[in-house]
Amino acid sequence: MLKIFWVAVLAFLFSCQSSPSEETTTSSSAKTSASQKNGKTKPMVKLPVQHIVQRTHPFSSDQAPDYFRLALHGHSIAKGEVEFTITTQDGQEIYEENFPAADLEASMVNEVPSPTTPTVSEREAYILKRMDEFVQPTDFVAPAIAPNAPVQASFVNETTWKRIQANPKAIGFKYLLGKEDGRLLVYDPEKKKAVRYGSFGG
């Protein structure tokens, strides 16, 4: 009987020592979770859209037009960023590029020479004008690469160049960023996306 009594006492003492350890672990886990919540990176705040332009024109195929879209994001037009995308009719995005709105404004010095510094309103109006005129029928070239044009492997390798050159239905698209950074895009069926294959200006 005495042995049973001491066994019960020892069991009671052991349980008293174990409980605080379990509670501490649980408490520590709760603090870690709370710390993770408090330290969690806040989601990126979406910048407001200042201006959107969308045009359609045959590009990846001469059978159906693609969607050329420019969206200007930011708290102001002059300091915003332009997202330029090309999407096929079935919803496949084949090109995406982001650049500062200032890249559209840079050519203003060539088109609107003035002895005085343009105002913010004039700069913003010019950027919106450039966006509206970014995609025009005259900006498309077919074939994208003339049959007798020498290989230019600055942006694509020779194999890609010759593959595009061999396709008389390939359509090129040209656009200008900055003062003289002219760019040429063409759809590459093998890569299933638009690629830059040349430049002009500068």
# chains A, B, ... in the order shown; residues from 1 in each chain; ligands from 1

$ select_by_dssp --residues "range 130-185 of chain A" --states "helix (DSSP H, G or I)" --output "number ranges by chain"
A: 130-132, 137-139, 158-165

$ select_by_dssp --residues "range 95-128 of chain A" --states "strand (DSSP E)" --output "ChimeraX atom specification"
/A:95-100

$ write_last_selection --atoms "all heavy atoms" --output "PDB file, in the first residue's frame"
ATOM      1  N   TYR A  95       4.171  39.248 -76.159  1.00  0.00           N
ATOM      2  CA  TYR A  95       5.224  40.233 -75.908  1.00  0.00           C
ATOM      3  C   TYR A  95       4.830  41.116 -74.732  1.00  0.00           C
ATOM      4  O   TYR A  95       3.665  41.477 -74.577  1.00  0.00           O
ATOM      5  CB  TYR A  95       5.460  41.119 -77.134  1.00  0.00           C
ATOM      6  CG  TYR A  95       6.673  42.016 -77.007  1.00  0.00           C
ATOM      7  CD1 TYR A  95       7.958  41.495 -77.111  1.00  0.00           C
ATOM      8  CD2 TYR A  95       6.543  43.380 -76.762  1.00  0.00           C
ATOM      9  CE1 TYR A  95       9.082  42.307 -76.978  1.00  0.00           C
ATOM     10  CE2 TYR A  95       7.659  44.195 -76.634  1.00  0.00           C
ATOM     11  CZ  TYR A  95       8.924  43.653 -76.744  1.00  0.00           C
ATOM     12  OH  TYR A  95      10.037  44.457 -76.608  1.00  0.00           O
ATOM     13  N   GLU A  96       5.828  41.449 -73.900  1.00  0.00           N
ATOM     14  CA  GLU A  96       5.616  42.386 -72.794  1.00  0.00           C
ATOM     15  C   GLU A  96       6.893  43.180 -72.567  1.00  0.00           C
ATOM     16  O   GLU A  96       7.990  42.626 -72.556  1.00  0.00           O
ATOM     17  CB  GLU A  96       5.235  41.666 -71.507  1.00  0.00           C
ATOM     18  CG  GLU A  96       5.014  42.635 -70.340  1.00  0.00           C
ATOM     19  CD  GLU A  96       4.648  41.943 -69.040  1.00  0.00           C
ATOM     20  OE1 GLU A  96       4.593  40.701 -69.028  1.00  0.00           O
ATOM     21  OE2 GLU A  96       4.432  42.641 -68.034  1.00  0.00           O
ATOM     22  N   GLU A  97       6.723  44.477 -72.405  1.00  0.00           N
ATOM     23  CA  GLU A  97       7.859  45.359 -72.143  1.00  0.00           C
ATOM     24  C   GLU A  97       7.388  46.508 -71.263  1.00  0.00           C
ATOM     25  O   GLU A  97       6.274  47.010 -71.428  1.00  0.00           O
ATOM     26  CB  GLU A  97       8.425  45.903 -73.461  1.00  0.00           C
ATOM     27  CG  GLU A  97       9.625  46.818 -73.289  1.00  0.00           C
ATOM     28  CD  GLU A  97      10.164  47.354 -74.610  1.00  0.00           C
ATOM     29  OE1 GLU A  97       9.557  47.056 -75.667  1.00  0.00           O
ATOM     30  OE2 GLU A  97      11.173  48.079 -74.588  1.00  0.00           O
ATOM     31  N   ASN A  98       8.219  46.897 -70.322  1.00  0.00           N
ATOM     32  CA  ASN A  98       7.909  48.030 -69.452  1.00  0.00           C
ATOM     33  C   ASN A  98       9.007  49.077 -69.596  1.00  0.00           C
ATOM     34  O   ASN A  98      10.193  48.738 -69.602  1.00  0.00           O
ATOM     35  CB  ASN A  98       7.815  47.575 -67.991  1.00  0.00           C
ATOM     36  CG  ASN A  98       6.638  46.642 -67.754  1.00  0.00           C
ATOM     37  OD1 ASN A  98       5.518  47.078 -67.556  1.00  0.00           O
ATOM     38  ND2 ASN A  98       6.894  45.341 -67.789  1.00  0.00           N
ATOM     39  N   PHE A  99       8.595  50.322 -69.711  1.00  0.00           N
ATOM     40  CA  PHE A  99       9.575  51.394 -69.839  1.00  0.00           C
ATOM     41  C   PHE A  99       9.000  52.679 -69.243  1.00  0.00           C
ATOM     42  O   PHE A  99       7.776  52.861 -69.185  1.00  0.00           O
ATOM     43  CB  PHE A  99       9.972  51.610 -71.306  1.00  0.00           C
ATOM     44  CG  PHE A  99       8.813  51.786 -72.258  1.00  0.00           C
ATOM     45  CD1 PHE A  99       8.213  53.029 -72.445  1.00  0.00           C
ATOM     46  CD2 PHE A  99       8.319  50.703 -72.968  1.00  0.00           C
ATOM     47  CE1 PHE A  99       7.154  53.189 -73.324  1.00  0.00           C
ATOM     48  CE2 PHE A  99       7.249  50.849 -73.847  1.00  0.00           C
ATOM     49  CZ  PHE A  99       6.668  52.099 -74.028  1.00  0.00           C
ATOM     50  N   PRO A 100       9.864  53.583 -68.773  1.00  0.00           N
ATOM     51  CA  PRO A 100       9.375  54.833 -68.185  1.00  0.00           C
ATOM     52  C   PRO A 100       8.716  55.723 -69.230  1.00  0.00           C
ATOM     53  O   PRO A 100       9.115  55.722 -70.404  1.00  0.00           O
ATOM     54  CB  PRO A 100      10.645  55.472 -67.616  1.00  0.00           C
ATOM     55  CG  PRO A 100      11.763  54.855 -68.375  1.00  0.00           C
ATOM     56  CD  PRO A 100      11.322  53.460 -68.704  1.00  0.00           C
TER      57      PRO A 100
END

$ closest_residue --among "A:Tyr67, A:Phe59, A:Phe155, A:Phe134" --to "Leu177 in chain A" --atoms "only C-alpha atoms"
A:Phe134

$ residues_around --residues "Tyr175 in chain A" --least-positions-apart "5" --cutoff "9 Å" --atoms "only C-alpha atoms" --output "list in words"
Phe134, Val135, Asp139, Asp181, Gly182, Arg183, Leu184 and Leu185 of chain A

$ residues_around --residues "Ala166 in chain A" --least-positions-apart "6" --cutoff "10 Å" --atoms "only C-alpha atoms" --output "list in words"
Pro143, Ala144, Ile145, Ala146, Pro147 and Thr160 of chain A

$ atom_distance --atom1 "CA of Met108 in chain A" --atom2 "CA of Tyr126 in chain A"
7.2 Å

$ residues_around --residues "Thr85 in chain A" --least-positions-apart "2" --cutoff "12 Å" --atoms "only C-alpha atoms" --output "PyMOL selection string"
chain A and resi 52-56+66-72+82-83+87-88+91-99+135+193-194

$ closest_residue --among "A:Ser199, A:Phe173, A:Glu122, A:Glu180" --to "Val156 in chain A" --atoms "only C-alpha atoms"
A:Ser199

$ atom_distance --atom1 "CA of Asn148 in chain A" --atom2 "CA of Pro58 in chain A"
23.8 Å

$ closest_residue --among "A:Gly178, A:Arg130, A:Pro48, A:Phe200" --to "Asp103 in chain A" --atoms "only C-alpha atoms"
A:Gly178

$ decode --residues "range 79-91 of chain A" --atoms "all heavy atoms" --output "compact mmCIF listing (two decimals), in the first residue's frame"
# COMPACT_ATOMS: atom_id res chain seq x y z
N LYS A 79 5.95 60.96 -64.70
CA LYS A 79 6.82 60.07 -63.93
C LYS A 79 6.30 58.63 -63.89
O LYS A 79 6.78 57.82 -63.11
CB LYS A 79 6.98 60.60 -62.51
CG LYS A 79 7.69 61.95 -62.44
CD LYS A 79 7.87 62.41 -61.00
CE LYS A 79 8.60 63.74 -60.94
NZ LYS A 79 8.79 64.21 -59.53
N GLY A 80 5.34 58.32 -64.74
CA GLY A 80 4.75 56.99 -64.74
C GLY A 80 5.57 55.98 -65.52
O GLY A 80 6.64 56.28 -66.06
N GLU A 81 5.04 54.77 -65.58
CA GLU A 81 5.68 53.68 -66.32
C GLU A 81 4.67 53.08 -67.29
O GLU A 81 3.51 52.87 -66.94
CB GLU A 81 6.21 52.60 -65.38
CG GLU A 81 6.95 51.48 -66.11
CD GLU A 81 7.66 50.53 -65.17
OE1 GLU A 81 8.76 50.85 -64.72
OE2 GLU A 81 7.08 49.46 -64.90
N VAL A 82 5.14 52.81 -68.50
CA VAL A 82 4.26 52.27 -69.54
C VAL A 82 4.46 50.76 -69.65
O VAL A 82 5.59 50.27 -69.72
CB VAL A 82 4.56 52.93 -70.90
CG1 VAL A 82 3.66 52.32 -71.99
CG2 VAL A 82 4.33 54.44 -70.82
N GLU A 83 3.35 50.05 -69.65
CA GLU A 83 3.37 48.61 -69.88
C GLU A 83 2.87 48.36 -71.30
O GLU A 83 1.73 48.69 -71.63
CB GLU A 83 2.47 47.90 -68.87
CG GLU A 83 2.41 46.38 -69.07
CD GLU A 83 1.37 45.73 -68.18
OE1 GLU A 83 0.34 46.37 -67.89
OE2 GLU A 83 1.57 44.57 -67.79
N PHE A 84 3.72 47.80 -72.13
CA PHE A 84 3.41 47.54 -73.54
C PHE A 84 3.29 46.04 -73.74
O PHE A 84 4.23 45.29 -73.48
CB PHE A 84 4.50 48.14 -74.42
CG PHE A 84 4.42 47.74 -75.88
CD1 PHE A 84 3.20 47.65 -76.53
CD2 PHE A 84 5.58 47.46 -76.60
CE1 PHE A 84 3.13 47.29 -77.87
CE2 PHE A 84 5.52 47.10 -77.93
CZ PHE A 84 4.30 47.01 -78.57
N THR A 85 2.12 45.59 -74.19
CA THR A 85 1.90 44.16 -74.42
C THR A 85 1.28 43.92 -75.79
O THR A 85 0.59 44.78 -76.34
CB THR A 85 0.98 43.54 -73.35
OG1 THR A 85 -0.28 44.24 -73.36
CG2 THR A 85 1.60 43.63 -71.97
N ILE A 86 1.55 42.74 -76.32
CA ILE A 86 0.92 42.29 -77.56
C ILE A 86 0.27 40.94 -77.25
O ILE A 86 0.93 40.03 -76.73
CB ILE A 86 1.93 42.13 -78.71
CG1 ILE A 86 2.71 43.43 -78.93
CG2 ILE A 86 1.21 41.72 -80.00
CD1 ILE A 86 3.82 43.32 -79.97
N THR A 87 -1.01 40.83 -77.56
CA THR A 87 -1.77 39.63 -77.25
C THR A 87 -2.52 39.15 -78.49
O THR A 87 -3.09 39.97 -79.22
CB THR A 87 -2.79 39.89 -76.12
OG1 THR A 87 -2.10 40.49 -75.00
CG2 THR A 87 -3.46 38.61 -75.66
N THR A 88 -2.51 37.85 -78.71
CA THR A 88 -3.22 37.30 -79.86
C THR A 88 -4.72 37.27 -79.58
O THR A 88 -5.16 37.46 -78.45
CB THR A 88 -2.73 35.87 -80.16
OG1 THR A 88 -3.03 35.03 -79.03
CG2 THR A 88 -1.24 35.84 -80.42
N GLN A 89 -5.48 36.98 -80.62
CA GLN A 89 -6.94 36.96 -80.46
C GLN A 89 -7.41 35.87 -79.51
O GLN A 89 -8.46 36.00 -78.89
CB GLN A 89 -7.61 36.77 -81.84
CG GLN A 89 -7.66 38.03 -82.66
CD GLN A 89 -8.98 38.21 -83.37
OE1 GLN A 89 -9.74 37.26 -83.54
NE2 GLN A 89 -9.28 39.42 -83.80
N ASP A 90 -6.63 34.80 -79.39
CA ASP A 90 -7.04 33.73 -78.47
C ASP A 90 -6.51 33.95 -77.05
O ASP A 90 -6.58 33.06 -76.20
CB ASP A 90 -6.60 32.36 -78.98
CG ASP A 90 -5.09 32.26 -79.17
OD1 ASP A 90 -4.37 33.22 -78.81
OD2 ASP A 90 -4.62 31.22 -79.66
N GLY A 91 -5.97 35.16 -76.79
CA GLY A 91 -5.58 35.52 -75.43
C GLY A 91 -4.16 35.19 -75.03
O GLY A 91 -3.79 35.34 -73.87
